[in-house]
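See structure below.
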Amino acid sequence: MWNSPKVGILGGGQLGRMLVESANRLNIQCNVLDAENSPAKQISAHDGHVTGSFKEHEAVRELAKSCDVVTAEIEHVDTYALEEIASQTRVEPSWQAIRTIQNKFNQKEHLRKYGIPMADHRELVNNTPEDLAAVGEQLGYPLMLKSKTMAYDGRGNFRVNSEADIPEALEALRDRPLYAEKWAHFKMELAVMVVKTKDEVLSYPTVETVQEDSICKLVYAPARNVSDAINRKAQELARQAVAAFDGKGVFGVEMFLLDDESLLLCEIASRIHNSGHYTIEACPLSQFDTHIRAILDLPIPAQSLELRQPSIMLNIIGGAAPDTHLQVAEAALSIPNASIHLYSKGAAKPGRKMGHVTVTAASMHEAETHIQPLIDVVDKIRAQRSDVKTKPQTSGPSKPAPSVAVMMGSDSDLKTLVPGLKLLRDVFGIEPAVDITSAHRTPTFMAEYSASAAARGIKVIIAAAGGAAHLPGMAAAHTALPVIGVPVKGSSLDGVDSLYSIVQMPRGIKLPPSPASSLPLPIPILPSVDRLLTGIHNIGVPVATVGINNSINAALLAARILGAFDPAIQRKVEAYAEKARSENMDLKGTKMQELGWEKYFGQM
């Protein structure tokens with residue numbers, strides 16, 4: 001066990017407060033440098049705290065004397081003070097990293113050396129209208145004029161739509177060091193929390209962030225309607241960018257997803273970040289847990305950064321009245337699976353972050369449905385502010401991604417599938433993805449469709465086929481997802497041939513405990529599936545098979561499979577079964593008892 005380390009934190013706001021909460025669970029003492037009664041100090045009662053400013057040399061020196069490692073919950077610290085104490089006390093991340101990152105222009109110039117994709121940018125040397133006009137000619141309009149330092153939550157940024165906006169922009173950012181950035185026409189803003197340890201660089205899932213009034217309003221984890229390929233690409237970009245800096249700890253990486261599916265890095269924060277608050281409830285280890293562990297060289301299992309459940313984080317922003325944050329918190333008490341975090345900042349001020357709420361659920365659509373009433377409350381409070389003129393940034397619950405794929409070899413099979421499709425949609429609320437793909441006529445498309453199904457969010461495949469009926473088996477050969485085969489009655493053998501073809505799949509074979517990719521397999525396995533099969537000792541191509549033309553049972557089985565992981569669907573399956581029992585026993589059984597079997601049969 002570690003030897004009672006002491007962690008010094010520069011800054012005692014909400015981020016420091018949540019760091020202290022994580023450290024407290026490990027009996028790790030945090031000494032906070034900030035004003036008396038700051039949020040972080042309120043939950044940590046000991047005499048090791050320092051009262052003062054994290055920008056004062058003497059206060060930083062005093063903090064370092066009592067700590068094994070010093071970290072920061074905010075970038076706007078005096079890095080020269082950190083440089084001075086680094087010879088006696090470890091500073092994580094390094095003072096060099098914080099100094100580079102806190103100047104956003106220097107940050108971008110540093111990342112440029114490592115080939116990180118970013119929007120084109122130019123430094124303003126003189127901050128004159130002529131200087132900015134020349135940059136405008138190079139970058140084009142619109143562009144974003146930014147302060148190099150002391151910029152956060154939209155403060156220090158000004159959108160310049162044309163040359164006519166130049167005087168107003170320079171006046172708004174007067175006396176600041178400036179640079180200009182080419183406008184990124186993005187379709188979504190993404191973020192990735194990265195954990196840098198002494199041995200490796202890890203990352204949490206890619207999340208979607210929604211900004212309102214230049215402040216993060218919502219975080220969707222995982223990002224909605226983002227492919228698995230983009231999720232991996234975003235994490236790789238974030239890890240590559242963070243690897244360019246020295247030191248350990250958690251870094252927040254923000255980026256833009258463009259219309260062509262390419263990514264541009266927006267900026268990095270050398271600390272825990274607002275876009276990572278969801279990790280407290282949604283992941284086994286939160287960003288605050290991993291930051292403490294990283295700077296103290298404690299183990300961090302990579303699997304503990306994965307999502308337990310989809311989640312949505314909503315920031316509580318101060319409104320016109322001093323108690324507006326309490327109004328939001330009170331409303332959140334009635335929201336299912338809602339975790340409320342208030343930051344103990346006193347009275348609310350317009351635009352100030354006062355807390356956040358995180359909602360988790362079995363699916364993103366369910367989480368969106370739960371949190372929407374709370375978003376409505378937040379939007380109503382925002383509308384009462386005199387300083388806000390724009391409409392709220394909300395879109396309501398998105399359409400849930402299909403979890404069931406229904407495949408058929410020919411459109412002639414659709415008639416057989418319609419009863420099952422209607423049952424999925426109308427009874428269980430599952431809108432399936434329905435496609436025509438043949439194992440014989442379009443084998444390449446069929447293989448790609450099946451292999452990519454899991455990455456698209458599909459969890460169960462229903463495949464209908466007649467005649468030789470190869471479609472279910474071939475689909476199963478290209479995915480690790482469960483496949484349900486529906487034999488379709490043909491004109492020759494009444495579907496018995498299709499039933500035999502689907503149900504008689506080869507059984508599993510015994511494999512030694514070594515990577516599947518190194519072994520010859522009797523079926524074609526694509527790389528994405530190959531990764532899933534690594535370490536599995538029995539490899540087969542089973543297909544669950546229902547009766548001939550029985551798409552109803554295929555739909556029921558798919559719902560049962562999904563219900564094992566989604567309580568809402570499981571309750572619907574139970575209700576469906578109860579309805580069937582009631583109809584059979586209470587209605588038909590009672591009627592037969594009343595009429596007798598002979599009269600009952602006569603009325604059938």
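In the structure tokens, the first chain shown is A, the next is B, and so on; residue numbers restart at 1 for each chain, and ligands run from 1 in the order shown.
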
Stretch 186-300 of chain A residues near stretch 19-26 of chain A within 7 Å, closest pair each, using only C-alpha atoms, as JSON lines:
```
{"residue": "A:Phe288", "atom": "CA", "partner": "A:Leu19", "partner_atom": "CA", "distance": 5.1}
{"residue": "A:Asp289", "atom": "CA", "partner": "A:Ser22", "partner_atom": "CA", "distance": 5.4}
{"residue": "A:Ile292", "atom": "CA", "partner": "A:Ala23", "partner_atom": "CA", "distance": 6.7}
```

For the residues in that selection, give me C-alpha atoms as a JSON list (two decimals), in the first residue's frame.
```json
[["chain", "number", "residue", "atom", "x", "y", "z"],
["A", 288, "PHE", "CA", -10.81, 12.31, -10.75],
["A", 289, "ASP", "CA", -9.94, 8.79, -9.60],
["A", 292, "ILE", "CA", -5.07, 10.91, -8.45]]
```

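Counting only C-alpha atoms and comparing A:Thr89, A:Thr290, A:Gln327, A:Ser311, the residue that lies closest to A:Leu202 is A:Thr290.
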
Determine, using only C-alpha atoms, which residues of stretch 24-95 of chain A have any atom at most 12 Å from an atom of stretch 346-353 of chain A, and tabulate each with its shortest atom pair and distance in Å to one decimal place, rows ordered by chain and then rising number, as a Markdown table.
```
| residue | atom | partner | partner_atom | distance |
| --- | --- | --- | --- | --- |
| A:Asn37 | CA | A:Gly346 | CA | 10.7 |
| A:Ser38 | CA | A:Gly346 | CA | 10.2 |
| A:Pro39 | CA | A:Gly346 | CA | 9.4 |
| A:Gln42 | CA | A:Gly346 | CA | 12.0 |
```

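Residues in contact with A:Val496 at up to 12 Å, not including ones fewer than 2 positions away on its chain and judged by only C-alpha atoms, are A:Ala465, A:Gly466, A:Gly467, A:Ala468, A:Ala469, A:Val486, A:Pro487, A:Val488, A:Lys489, A:Gly490, A:Ser491, A:Ser492, A:Leu493, A:Asp494, A:Ser498, A:Leu499, A:Tyr500, A:Ser501, A:Ile502, A:Val503, A:Gln504, A:Val546, A:Gly547, A:Ile548, A:Asn549.
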
Could you tell me how far atom CA of A:Met474 lies from atom CA of A:Lys233, in Å and to one decimal?
29.3 Å

Got a sec: who's within 12 Å of A:Ala172, counting only C-alpha atoms, leaving out chain neighbours fewer than 6 positions off, as a PyMOL selection string?
chain A and resi 127+145-147+155-160+165-166+178

How would the residues just chosen look if you wrote them out with N, CA, C and O atoms as a compact mmCIF listing (two decimals), in the first residue's frame?
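Saved as result-v9.txt:
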```
# COMPACT_ATOMS: atom_id res chain seq x y z
N ASN A 127 -1.84 43.67 -33.06
CA ASN A 127 -3.25 43.86 -32.66
C ASN A 127 -3.87 45.12 -33.28
O ASN A 127 -4.68 45.80 -32.65
N LEU A 145 -11.33 35.16 -33.56
CA LEU A 145 -10.24 35.89 -32.90
C LEU A 145 -10.18 35.42 -31.46
O LEU A 145 -11.20 35.41 -30.75
N LYS A 146 -8.99 35.01 -31.01
CA LYS A 146 -8.85 34.40 -29.69
C LYS A 146 -7.73 35.03 -28.89
O LYS A 146 -6.70 35.42 -29.44
N SER A 147 -7.97 35.10 -27.59
CA SER A 147 -6.89 35.50 -26.68
C SER A 147 -5.99 34.30 -26.45
O SER A 147 -6.47 33.17 -26.27
N ARG A 155 -15.03 33.15 -22.92
CA ARG A 155 -14.43 34.44 -22.60
C ARG A 155 -13.06 34.51 -23.27
O ARG A 155 -12.22 33.63 -23.08
N GLY A 156 -12.84 35.57 -24.03
CA GLY A 156 -11.58 35.69 -24.75
C GLY A 156 -11.68 35.28 -26.20
O GLY A 156 -10.67 35.24 -26.90
N ASN A 157 -12.90 34.99 -26.69
CA ASN A 157 -13.12 34.65 -28.10
C ASN A 157 -14.09 35.64 -28.73
O ASN A 157 -15.01 36.15 -28.06
N PHE A 158 -13.90 35.90 -30.02
CA PHE A 158 -14.82 36.80 -30.73
C PHE A 158 -14.89 36.35 -32.19
O PHE A 158 -13.86 36.26 -32.87
N ARG A 159 -16.08 36.09 -32.65
CA ARG A 159 -16.27 35.67 -34.04
C ARG A 159 -16.24 36.90 -34.94
O ARG A 159 -17.00 37.85 -34.74
N VAL A 160 -15.39 36.84 -35.96
CA VAL A 160 -15.27 37.93 -36.93
C VAL A 160 -15.86 37.44 -38.26
O VAL A 160 -15.26 36.61 -38.94
N ASP A 165 -16.33 43.71 -38.91
CA ASP A 165 -16.37 43.36 -37.49
C ASP A 165 -15.03 43.60 -36.78
O ASP A 165 -14.94 43.45 -35.56
N ILE A 166 -14.00 43.96 -37.53
CA ILE A 166 -12.66 44.05 -36.95
C ILE A 166 -12.57 45.07 -35.81
O ILE A 166 -12.04 44.75 -34.73
N LEU A 178 -3.20 38.15 -28.86
CA LEU A 178 -4.21 37.57 -29.73
C LEU A 178 -3.63 36.71 -30.85
O LEU A 178 -2.49 36.88 -31.27
```

May I have a table of the residues of stretch 264-331 of chain A lying at most 6 Å from stretch 216-223 of chain A, giving each one's closest pair of atoms and their distance in Å to one decimal, counting only C-alpha atoms, ordered by chain and ascending residue number, as a Markdown table?
```
| residue | atom | partner | partner_atom | distance |
| --- | --- | --- | --- | --- |
| A:Pro310 | CA | A:Ala221 | CA | 5.7 |
| A:Ser311 | CA | A:Ala221 | CA | 5.2 |
| A:Ile312 | CA | A:Tyr220 | CA | 4.7 |
| A:Met313 | CA | A:Val219 | CA | 5.0 |
| A:Leu314 | CA | A:Leu218 | CA | 4.7 |
| A:Asn315 | CA | A:Lys217 | CA | 5.4 |
```

For A:Tyr141, work out the shell of residues within 8 Å, counting only C-alpha atoms and skipping chain neighbours fewer than 5 positions away, then give it as JSON, numbers by chain.
{"A": [136, 160, 161, 162, 182, 183]}
